[in-house]
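Listing of target20.txt; format and content: compact mmCIF, C-alpha atoms and all ligand atoms.
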# COMPACT_ATOMS: atom_id res chain seq x y z
CA MET A 288 122.70 74.35 88.84
CA PRO A 289 119.14 73.28 88.21
CA GLN A 290 117.25 74.78 85.31
CA TYR A 291 114.64 76.12 87.68
CA MET A 292 117.03 78.73 89.01
CA PRO A 293 117.39 80.74 85.81
CA GLN A 294 118.11 83.98 87.66
CA ALA A 295 121.08 82.46 89.49
CA LYS A 296 124.40 84.21 88.97
CA THR A 297 127.38 82.52 87.35
CA ILE A 298 130.89 82.44 88.79
CA THR A 299 133.24 85.08 87.42
CA TRP A 300 136.35 84.14 89.47
CA GLN A 301 137.27 81.27 91.77
CA SER A 302 140.42 80.22 93.56
CA VAL A 303 141.60 77.99 96.39
CA SER A 304 142.83 80.18 99.25
CA ARG A 305 146.61 80.64 99.19
CA LYS A 306 149.03 79.83 102.01
CA THR A 307 150.75 82.90 103.37
CA ARG A 308 152.32 84.30 106.55
CA GLU A 309 151.11 87.29 108.51
CA GLY A 310 151.67 88.97 111.85
CA ALA A 311 154.58 87.44 113.74
CA GLY A 312 154.67 84.42 111.43
CA VAL A 313 151.13 83.04 111.55
CA ARG A 314 150.55 80.53 108.74
CA LEU A 315 147.15 81.18 107.26
CA HIS A 316 145.17 80.86 104.03
CA ARG A 317 144.28 84.05 102.15
CA ALA A 318 141.03 83.66 100.19
CA PHE A 319 141.43 87.00 98.44
CA GLY A 320 143.42 90.15 99.02
CA TYR A 321 145.67 92.79 97.49
CA HIS A 322 146.04 90.97 94.16
CA GLU A 323 142.29 90.81 93.62
CA ILE A 324 141.37 94.45 94.26
CA PRO A 325 139.09 95.99 93.21
CA ALA A 326 137.08 92.90 92.13
CA PHE A 327 135.65 92.40 95.64
CA ASP A 328 135.03 96.13 96.34
CA PRO A 329 133.97 97.07 99.10
CA PHE A 330 135.80 94.04 100.56
CA LEU A 331 139.60 94.06 100.62
CA MET A 332 140.66 90.74 102.06
CA LEU A 333 139.53 87.50 103.65
CA ASP A 334 141.96 85.48 105.75
CA ASP A 335 141.23 81.92 106.89
CA PHE A 336 143.28 81.18 109.98
CA ARG A 337 141.86 77.75 110.75
CA ALA A 338 144.91 75.75 111.84
CA GLU A 339 145.67 72.47 113.53
CA ARG A 340 149.18 73.08 114.82
CA PRO A 341 149.55 75.69 117.59
CA GLU A 342 153.02 76.58 116.28
CA ASP A 343 151.30 77.86 113.13
CA TYR A 344 149.39 80.56 115.01
CA LEU A 345 150.58 81.11 118.60
CA ALA A 346 152.99 83.93 117.55
CA GLY A 347 149.81 85.85 116.72
CA PHE A 348 149.46 89.41 115.52
CA PRO A 349 151.35 91.61 118.03
CA TRP A 350 150.74 95.35 118.28
CA HIS A 351 150.04 96.89 114.87
CA PRO A 352 148.09 99.88 113.55
CA HIS A 353 145.03 100.08 111.31
CA ARG A 354 143.49 103.06 109.57
CA GLY A 355 140.81 103.49 106.91
CA ILE A 356 139.20 100.03 107.16
CA GLU A 357 137.00 97.75 109.22
CA THR A 358 138.17 94.30 110.31
CA VAL A 359 135.65 91.58 111.09
CA THR A 360 136.85 88.59 113.11
CA TYR A 361 134.57 85.54 113.23
CA MET A 362 135.68 82.57 115.32
CA LEU A 363 134.55 78.97 114.85
CA GLU A 364 136.81 77.41 117.47
CA GLY A 365 139.29 78.60 120.06
CA THR A 366 139.64 82.26 120.94
CA VAL A 367 141.45 85.46 120.04
CA GLU A 368 142.74 87.58 122.91
CA HIS A 369 142.85 91.22 121.95
CA GLY A 370 143.83 94.57 123.35
CA ASP A 371 143.92 98.03 121.81
CA SER A 372 144.96 101.66 122.11
CA MET A 373 141.48 102.63 123.33
CA GLY A 374 142.02 100.51 126.42
CA ASN A 375 139.77 97.65 125.34
CA ARG A 376 140.78 94.14 126.38
CA GLY A 377 138.89 90.95 125.78
CA THR A 378 138.47 87.75 123.82
CA VAL A 379 136.57 86.79 120.70
CA ASP A 380 135.32 83.29 121.47
CA ALA A 381 133.88 80.49 119.31
CA GLY A 382 130.78 81.62 117.42
CA CYS A 383 131.40 85.28 118.32
CA VAL A 384 132.21 88.25 116.10
CA GLN A 385 134.30 91.36 116.59
CA TRP A 386 133.53 94.11 114.07
CA MET A 387 136.28 96.70 114.49
CA THR A 388 136.06 100.03 112.69
CA ALA A 389 139.61 101.37 112.66
CA GLY A 390 138.56 104.73 111.18
CA SER A 391 141.23 107.36 111.95
CA GLY A 392 143.35 104.77 113.71
CA ILE A 393 143.75 102.12 116.34
CA ILE A 394 146.77 100.13 117.45
CA HIS A 395 145.89 96.66 118.61
CA GLN A 396 147.07 93.11 119.03
CA GLU A 397 145.25 89.88 118.24
CA MET A 398 146.52 86.62 119.70
CA PRO A 399 144.80 83.35 118.69
CA LYS A 400 144.68 80.68 121.41
CA PRO A 401 143.38 77.11 121.36
CA VAL A 402 140.43 75.90 123.41
CA ASP A 403 140.33 72.12 123.92
CA GLY A 404 143.18 71.97 121.40
CA ASN A 405 141.26 73.69 118.61
CA MET A 406 141.45 77.15 117.05
CA GLY A 407 139.96 78.49 113.83
CA GLY A 408 138.42 81.63 112.46
CA PHE A 409 138.28 84.20 109.72
CA GLN A 410 139.11 87.87 109.32
CA LEU A 411 137.38 89.96 106.67
CA TRP A 412 138.54 93.47 105.79
CA VAL A 413 135.87 95.92 104.66
CA ASN A 414 136.98 99.18 103.09
CA LEU A 415 135.74 102.55 104.34
CA PRO A 416 134.79 105.27 101.86
CA ARG A 417 136.78 108.52 101.74
CA SER A 418 134.03 110.23 103.76
CA HIS A 419 134.49 107.78 106.67
CA LYS A 420 138.16 106.80 106.61
CA MET A 421 138.97 109.18 109.46
CA MET A 422 135.84 108.47 111.52
CA GLU A 423 136.09 107.80 115.23
CA PRO A 424 137.22 104.20 115.87
CA ARG A 425 134.66 101.81 117.36
CA TYR A 426 133.96 98.20 118.18
CA GLN A 427 130.93 96.03 117.90
CA GLU A 428 131.44 92.83 119.86
CA ILE A 429 128.77 90.23 119.32
CA LEU A 430 128.36 87.11 121.40
CA ALA A 431 127.38 83.87 119.68
CA VAL A 432 123.98 83.88 121.44
CA HIS A 433 123.16 87.22 119.78
CA ILE A 434 123.75 85.93 116.24
CA PRO A 435 120.36 84.70 115.02
CA VAL A 436 120.12 81.31 113.31
CA VAL A 437 117.44 81.27 110.61
CA ALA A 438 116.13 77.76 109.86
CA LEU A 439 114.90 77.35 106.28
CA PRO A 440 112.94 74.54 104.58
CA GLY A 441 115.05 71.46 103.89
CA GLY A 442 117.18 71.97 106.98
CA ALA A 443 119.25 74.91 105.79
CA GLU A 444 120.62 77.07 108.62
CA VAL A 445 121.81 80.64 108.22
CA ARG A 446 123.72 82.51 110.92
CA VAL A 447 123.06 86.18 110.22
CA ILE A 448 126.04 88.27 111.30
CA SER A 449 125.08 91.28 109.21
CA GLY A 450 122.20 91.87 106.81
CA THR A 451 118.70 90.35 106.76
CA VAL A 452 117.45 86.85 105.90
CA ASN A 453 113.71 86.12 105.86
CA GLY A 454 113.09 89.28 107.84
CA VAL A 455 115.65 88.38 110.52
CA ALA A 456 118.33 91.05 110.86
CA GLY A 457 121.84 90.34 112.11
CA PRO A 458 123.28 92.21 115.11
CA VAL A 459 126.01 94.14 113.25
CA ARG A 460 124.42 97.40 112.09
CA ASP A 461 125.35 100.82 110.70
CA ILE A 462 128.27 99.64 108.62
CA VAL A 463 129.01 102.08 105.85
CA ALA A 464 129.31 99.58 102.97
CA GLU A 465 125.95 97.98 103.95
CA PRO A 466 127.51 94.52 103.93
CA GLU A 467 125.76 91.22 104.35
CA TYR A 468 127.76 88.54 106.14
CA LEU A 469 126.20 85.11 106.57
CA ASP A 470 127.38 81.66 107.68
CA VAL A 471 125.26 79.15 105.75
CA THR A 472 125.00 75.39 106.40
CA LEU A 473 123.10 73.16 103.96
CA PRO A 474 122.34 69.44 104.50
CA PRO A 475 123.09 66.98 101.65
CA GLY A 476 121.29 67.72 98.38
CA VAL A 477 119.49 70.82 99.65
CA GLN A 478 119.01 73.74 97.26
CA PHE A 479 119.25 77.27 98.48
CA SER A 480 119.15 80.75 97.04
CA LEU A 481 119.89 84.23 98.29
CA PRO A 482 118.77 87.42 96.58
CA VAL A 483 121.57 89.89 95.79
CA ARG A 484 120.84 93.62 95.66
CA PRO A 485 121.38 95.11 92.18
CA GLY A 486 124.93 96.34 91.70
CA TYR A 487 126.23 94.73 94.92
CA VAL A 488 129.20 92.41 94.91
CA ALA A 489 128.45 88.84 96.05
CA ALA A 490 130.99 86.20 97.05
CA VAL A 491 131.22 82.88 98.87
CA TYR A 492 134.02 81.14 100.77
CA ILE A 493 133.44 77.43 101.30
CA ILE A 494 134.43 76.21 104.76
CA GLY A 495 133.15 72.61 104.71
CA GLY A 496 131.61 69.95 102.49
CA SER A 497 131.00 70.72 98.83
CA GLY A 498 128.33 72.02 96.49
CA ILE A 499 127.47 73.45 93.09
CA PHE A 500 127.44 77.25 92.99
CA ASP A 501 126.95 77.99 89.28
CA ARG A 502 123.87 77.12 87.22
CA GLN A 503 126.08 76.50 84.19
CA GLN A 504 128.43 74.06 85.92
CA ASP A 505 128.00 70.59 87.41
CA LYS A 506 131.34 70.63 89.20
CA GLU A 507 131.21 70.62 92.97
CA LEU A 508 133.49 73.03 94.80
CA GLY A 509 134.76 72.35 98.31
CA ASN A 510 136.63 73.56 101.38
CA ARG A 511 138.76 76.72 101.02
CA VAL A 512 137.45 77.67 97.57
CA MET A 513 136.69 81.39 97.20
CA ILE A 514 134.02 82.30 94.64
CA LEU A 515 133.16 85.69 93.17
CA PHE A 516 129.86 85.95 91.31
CA GLY A 517 129.27 88.00 88.17
CA ASN A 518 126.76 90.76 87.56
CA ASP A 519 124.40 88.42 85.69
CA GLY A 520 121.32 87.20 87.55
CA ASP A 521 119.90 88.52 90.79
CA LEU A 522 120.50 85.66 93.22
CA VAL A 523 123.16 83.24 94.36
CA GLY A 524 121.97 79.65 93.90
CA VAL A 525 123.57 76.67 95.63
CA LYS A 526 122.99 72.91 95.58
CA ALA A 527 124.68 71.03 98.41
CA GLY A 528 126.69 67.89 97.63
CA ASP A 529 126.36 64.47 99.27
CA ASN A 530 127.98 65.61 102.50
CA GLY A 531 126.26 68.98 102.66
CA VAL A 532 128.11 72.26 102.44
CA ARG A 533 128.97 75.16 104.73
CA PHE A 534 130.06 78.55 103.45
CA LEU A 535 130.52 82.18 104.35
CA TYR A 536 128.55 84.57 102.15
CA ILE A 537 129.48 88.23 101.78
CA SER A 538 127.76 90.95 99.80
CA GLY A 539 128.23 94.71 99.79
CA LYS A 540 127.94 97.96 97.90
CA PRO A 541 131.06 98.82 95.88
CA LEU A 542 132.72 102.11 96.90
CA ARG A 543 134.38 102.69 93.48
CA GLU A 544 137.13 104.86 94.96
CA PRO A 545 140.90 104.77 94.43
CA ILE A 546 142.71 102.38 96.81
CA ALA A 547 146.15 103.08 98.29
CA TRP A 548 147.06 100.01 100.36
CA GLY A 549 150.05 99.87 102.69
CA GLY A 550 149.88 96.75 104.90
CA PRO A 551 147.34 97.40 107.67
CA VAL A 552 146.45 100.88 106.41
CA VAL A 553 144.19 101.44 103.39
CA MET A 554 143.57 104.98 102.17
CA ASN A 555 142.64 106.68 98.89
CA THR A 556 146.01 108.26 98.01
CA GLU A 557 149.72 107.57 98.47
CA GLU A 558 150.03 110.90 100.34
CA GLU A 559 147.47 109.73 102.90
CA LEU A 560 149.37 106.45 103.32
CA GLN A 561 152.64 108.30 103.83
CA GLN A 562 150.98 110.60 106.35
CA ALA A 563 149.69 107.57 108.28
CA PHE A 564 153.14 105.97 108.47
CA ASP A 565 154.80 109.30 109.35
CA GLU A 566 152.31 109.77 112.18
CA TYR A 567 152.92 106.21 113.37
CA GLU A 568 156.69 106.92 113.48
CA ARG A 569 156.16 110.18 115.35
CA GLY A 570 153.68 108.68 117.80
CA THR A 571 150.78 110.87 116.65
CA PHE A 572 148.86 108.12 114.83
CA ILE A 573 146.14 107.85 117.46
CA ARG A 574 143.79 110.84 117.45
CA LYS A 575 142.55 112.34 120.66
CA ILE A 576 138.87 111.51 120.91
CA SER A 577 137.01 114.51 122.25
FE FE2 B 601 144.65 93.83 113.18
Kindly transcribe the structure held in the file into structure tokens.
Amino acid sequence: MPQYMPQAKTITWQSVSRKTREGAGVRLHRAFGYHEIPAFDPFLMLDDFRAERPEDYLAGFPWHPHRGIETVTYMLEGTVEHGDSMGNRGTVDAGCVQWMTAGSGIIHQEMPKPVDGNMGGFQLWVNLPRSHKMMEPRYQEILAVHIPVVALPGGAEVRVISGTVNGVAGPVRDIVAEPEYLDVTLPPGVQFSLPVRPGYVAAVYIIGGSGIFDRQQDKELGNRVMILFGNDGDLVGVKAGDNGVRFLYISGKPLREPIAWGGPVVMNTEEELQQAFDEYERGTFIRKIS
């Protein structure tokens, strides 16, 4: 990274996303998850389900419960058909976002489908603090046209899903962990920096091209590399490689609470996890909303 970005953070952890299976056998790439907690606090997991072969994803994610977290689905191509225990039905289409706050509990299904032969997207899990784990479930569904694109000098483009860039605020609001979620595209050779709030975690997942993300390294990192930045410095600095670079940027305020994680349910204690699974067995998982 250039000398003139002295405040830029350095990388504290990086890894290529790992192949895994989820749902009814969907083959996907996990950028980070259970094995990395609590390094990404308040984030729990990022799954990359970009796939070329329909047989890798058509089985989808049939009915399953969530409690204690928020799931954020961002589609680049194709669509995800969804339905849930609150009676919602719909699709998350290319360029659109579904920010689902499970709170006290929802049961839903998520079925990826190709459009013009293509399907690809990401699901981020954001933890809820103890004070909000049992909040009323809710959805924020955001159409692509409502996600602002901020054009910066040099041709950089930032899609602001959540947070604020150059005074432009994204459409997802009132999320407890105050997360920023951006989709950044840089043309070849362009330099770019993002301020990070003191004490917030900051991370990047590269989804195309390559670039340098650490002022102390010359090595370019490329598609499917997950990067966690350290607490040094107060901004994330990037220099795009010869083919440009595109990446997802996430930042949020750590909750610093105990994590008890059982599949799709994430609570603070083992007792709360057990209670969730007991309620699911007994059919009392979904709370009556008054
Ligand atoms: Fe789900």
Surrounding residues of His369 of chain A excluding itself and chain neighbours under 6 positions, 12 Å, all atoms listed in the file, as number ranges by chain: A: 347-351, 360, 375-380, 385, 387, 394-400, 426, 428
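Using all atoms listed in the file, the nearest neighbour of ligand FE2 601 (chain B) within the list A:Ala489, A:Ala381, A:Ala326, A:Leu411 is A:Leu411.
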Shell of 8 Å around segment 299-301 of chain A, all atoms listed in the file, local chain residues under 2 positions omitted, as a PyMOL selection string: chain A and resi 297+303+512-517
Save the residues we just selected, C-alpha atoms, as a PDB file, in the coordinates of the input?
ATOM      1  CA  THR A 297     127.380  82.520  87.350  1.00  0.00           C
ATOM      2  CA  VAL A 303     141.600  77.990  96.390  1.00  0.00           C
ATOM      3  CA  VAL A 512     137.450  77.670  97.570  1.00  0.00           C
ATOM      4  CA  MET A 513     136.690  81.390  97.200  1.00  0.00           C
ATOM      5  CA  ILE A 514     134.020  82.300  94.640  1.00  0.00           C
ATOM      6  CA  LEU A 515     133.160  85.690  93.170  1.00  0.00           C
ATOM      7  CA  PHE A 516     129.860  85.950  91.310  1.00  0.00           C
ATOM      8  CA  GLY A 517     129.270  88.000  88.170  1.00  0.00           C
TER       9      GLY A 517
END
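When all atoms listed in the file are used to compute distances to Ala547 of chain A, the closest of the residues A:Val483, A:Ile499, A:Ala456, A:Ala563 turns out to be A:Ala563.
Here atom CA of Gly476 of chain A and atom CA of Gly520 of chain A stand 22.3 Å from one another.
Proximity of A:Arg305, A:His353, A:Arg460, A:Lys296 to ligand FE2 601 (chain B), computed with all atoms listed in the file, is greatest for A:His353.
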Which of these residues is nearest to ligand FE2 601 (chain B), using all atoms listed in the file: A:Val477, A:Val436, A:Val552, A:Val384? A:Val552
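Among the candidate residues A:Met422, A:Gly550, A:Leu473, A:Leu315, the one lying nearest to ligand FE2 601 (chain B) is A:Gly550, with distances computed using all atoms listed in the file.
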Long-range neighbours of segment 402-405 of chain A as a PyMOL selection string, 7 Å cut-off, all atoms listed in the file, 2 positions minimum in chain: chain A and resi 339+364-366+400+407
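When only C-alpha atoms are used to measure the gap to Gly570 of chain A, the shortest distance among A:Pro458, A:Pro541, A:Pro352, A:Gly442 belongs to A:Pro352.
Distance-wise, atom CA of Pro485 of chain A and atom CA of Lys540 of chain A end up 9.2 Å apart.
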Local residues around (128.4, 80.1, 111.3), at most 8 Å away, using all atoms listed in the file, as a compact mmCIF listing (two decimals) with C-alpha atoms, in the frame of the given file:
# COMPACT_ATOMS: atom_id res chain seq x y z
CA LEU A 363 134.55 78.97 114.85
CA GLY A 382 130.78 81.62 117.42
CA VAL A 445 121.81 80.64 108.22
CA ARG A 446 123.72 82.51 110.92
CA LEU A 469 126.20 85.11 106.57
CA ASP A 470 127.38 81.66 107.68
CA VAL A 471 125.26 79.15 105.75
CA THR A 472 125.00 75.39 106.40
CA LEU A 535 130.52 82.18 104.35
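Proximity to Phe479 of chain A at 7 Å, evaluated using all atoms listed in the file and with sequence-adjacent residues fewer than 5 positions away removed, yields A:Gly524, A:Val525, A:Lys526.
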With all atoms listed in the file counted, which protein, DNA or RNA residues have an atom no more than 10 Å from (126.7, 100.1, 113.3) in the file frame? Please answer as a list in words. Trp386, Thr388, Arg425, Tyr426, Gln427, Ser449, Pro458, Val459, Arg460, Asp461, Ile462, Val463 and Glu465 of chain A
Report, as AutoDock Vina command-line options, the centre and edge lengths in Å (one decimal) of the axis-aligned box enclosing every listed atom of segment 364-371 of chain A, padded by 6 Å on each side.
--center_x 140.4 --center_y 87.7 --center_z 120.4 --size_x 19.1 --size_y 32.6 --size_z 17.9
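Here atom CA of Lys306 of chain A is placed at a distance of 28.7 Å from atom CA of Asn518 of chain A.
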Missing atoms in segment 553-564 of chain A should be modelled up to all heavy atoms and reported as an mmCIF file, in the coordinates of the input.
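The resulting file, out.cif, is shown below:
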data_model
loop_
_atom_site.group_PDB
_atom_site.id
_atom_site.type_symbol
_atom_site.label_atom_id
_atom_site.label_comp_id
_atom_site.auth_asym_id
_atom_site.auth_seq_id
_atom_site.Cartn_x
_atom_site.Cartn_y
_atom_site.Cartn_z
ATOM 1 N N VAL A 553 144.723 101.330 104.755
ATOM 2 C CA VAL A 553 144.190 101.440 103.390
ATOM 3 C C VAL A 553 143.491 102.790 103.242
ATOM 4 O O VAL A 553 142.499 103.062 103.919
ATOM 5 C CB VAL A 553 143.216 100.291 103.054
ATOM 6 C CG1 VAL A 553 142.756 100.399 101.601
ATOM 7 C CG2 VAL A 553 143.866 98.935 103.306
ATOM 8 N N MET A 554 144.083 103.625 102.373
ATOM 9 C CA MET A 554 143.570 104.980 102.170
ATOM 10 C C MET A 554 143.226 105.154 100.686
ATOM 11 O O MET A 554 143.231 104.195 99.924
ATOM 12 C CB MET A 554 144.608 106.013 102.638
ATOM 13 C CG MET A 554 145.071 105.841 104.087
ATOM 14 S SD MET A 554 143.734 105.931 105.321
ATOM 15 C CE MET A 554 143.361 107.697 105.272
ATOM 16 N N ASN A 555 142.957 106.407 100.287
ATOM 17 C CA ASN A 555 142.640 106.680 98.890
ATOM 18 C C ASN A 555 143.858 107.100 98.079
ATOM 19 O O ASN A 555 143.908 106.879 96.873
ATOM 20 C CB ASN A 555 141.577 107.787 98.781
ATOM 21 C CG ASN A 555 140.225 107.348 99.323
ATOM 22 O OD1 ASN A 555 139.752 107.868 100.322
ATOM 23 N ND2 ASN A 555 139.600 106.375 98.679
ATOM 24 N N THR A 556 144.853 107.734 98.743
ATOM 25 C CA THR A 556 146.010 108.260 98.010
ATOM 26 C C THR A 556 147.319 107.845 98.694
ATOM 27 O O THR A 556 147.342 107.567 99.898
ATOM 28 C CB THR A 556 145.987 109.798 97.925
ATOM 29 O OG1 THR A 556 146.183 110.324 99.258
ATOM 30 C CG2 THR A 556 144.663 110.312 97.372
ATOM 31 N N GLU A 557 148.402 107.871 97.920
ATOM 32 C CA GLU A 557 149.720 107.570 98.470
ATOM 33 C C GLU A 557 150.114 108.576 99.543
ATOM 34 O O GLU A 557 150.786 108.236 100.520
ATOM 35 C CB GLU A 557 150.777 107.569 97.342
ATOM 36 C CG GLU A 557 150.620 106.424 96.349
ATOM 37 C CD GLU A 557 150.780 105.058 97.008
ATOM 38 O OE1 GLU A 557 151.623 104.905 97.915
ATOM 39 O OE2 GLU A 557 150.034 104.128 96.611
ATOM 40 N N GLU A 558 149.707 109.860 99.359
ATOM 41 C CA GLU A 558 150.030 110.900 100.340
ATOM 42 C C GLU A 558 149.392 110.566 101.692
ATOM 43 O O GLU A 558 150.005 110.739 102.747
ATOM 44 C CB GLU A 558 149.545 112.275 99.863
ATOM 45 C CG GLU A 558 150.285 112.833 98.663
ATOM 46 C CD GLU A 558 149.957 112.112 97.351
ATOM 47 O OE1 GLU A 558 148.832 111.568 97.225
ATOM 48 O OE2 GLU A 558 150.819 112.057 96.469
ATOM 49 N N GLU A 559 148.158 110.089 101.647
ATOM 50 C CA GLU A 559 147.470 109.730 102.900
ATOM 51 C C GLU A 559 148.136 108.540 103.577
ATOM 52 O O GLU A 559 148.220 108.480 104.807
ATOM 53 C CB GLU A 559 145.995 109.413 102.623
ATOM 54 C CG GLU A 559 145.177 110.636 102.231
ATOM 55 C CD GLU A 559 143.835 110.266 101.612
ATOM 56 O OE1 GLU A 559 143.670 109.109 101.154
ATOM 57 O OE2 GLU A 559 142.956 111.128 101.568
ATOM 58 N N LEU A 560 148.637 107.603 102.757
ATOM 59 C CA LEU A 560 149.370 106.450 103.320
ATOM 60 C C LEU A 560 150.631 106.929 104.003
ATOM 61 O O LEU A 560 150.933 106.537 105.133
ATOM 62 C CB LEU A 560 149.784 105.501 102.196
ATOM 63 C CG LEU A 560 148.923 104.327 101.805
ATOM 64 C CD1 LEU A 560 149.743 103.400 100.899
ATOM 65 C CD2 LEU A 560 148.415 103.573 103.016
ATOM 66 N N GLN A 561 151.383 107.790 103.290
ATOM 67 C CA GLN A 561 152.640 108.300 103.830
ATOM 68 C C GLN A 561 152.399 109.049 105.131
ATOM 69 O O GLN A 561 153.134 108.885 106.107
ATOM 70 C CB GLN A 561 153.323 109.207 102.797
ATOM 71 C CG GLN A 561 154.786 109.454 103.087
ATOM 72 C CD GLN A 561 155.571 108.158 103.271
ATOM 73 O OE1 GLN A 561 155.525 107.275 102.422
ATOM 74 N NE2 GLN A 561 156.263 108.012 104.401
ATOM 75 N N GLN A 562 151.333 109.840 105.140
ATOM 76 C CA GLN A 562 150.980 110.600 106.350
ATOM 77 C C GLN A 562 150.715 109.636 107.508
ATOM 78 O O GLN A 562 151.173 109.853 108.639
ATOM 79 C CB GLN A 562 149.734 111.444 106.076
ATOM 80 C CG GLN A 562 149.350 112.306 107.269
ATOM 81 C CD GLN A 562 147.994 112.988 107.079
ATOM 82 O OE1 GLN A 562 147.472 113.073 105.967
ATOM 83 N NE2 GLN A 562 147.431 113.462 108.169
ATOM 84 N N ALA A 563 149.997 108.540 107.228
ATOM 85 C CA ALA A 563 149.690 107.570 108.280
ATOM 86 C C ALA A 563 150.975 106.976 108.857
ATOM 87 O O ALA A 563 151.146 106.888 110.079
ATOM 88 C CB ALA A 563 148.792 106.464 107.728
ATOM 89 N N PHE A 564 151.907 106.597 107.977
ATOM 90 C CA PHE A 564 153.140 105.970 108.470
ATOM 91 C C PHE A 564 154.042 106.985 109.160
ATOM 92 O O PHE A 564 154.701 106.657 110.151
ATOM 93 C CB PHE A 564 153.845 105.221 107.340
ATOM 94 C CG PHE A 564 153.065 104.007 106.914
ATOM 95 C CD1 PHE A 564 152.572 103.875 105.628
ATOM 96 C CD2 PHE A 564 152.775 103.006 107.838
ATOM 97 C CE1 PHE A 564 151.829 102.758 105.255
ATOM 98 C CE2 PHE A 564 152.037 101.882 107.479
ATOM 99 C CZ PHE A 564 151.562 101.762 106.186
#
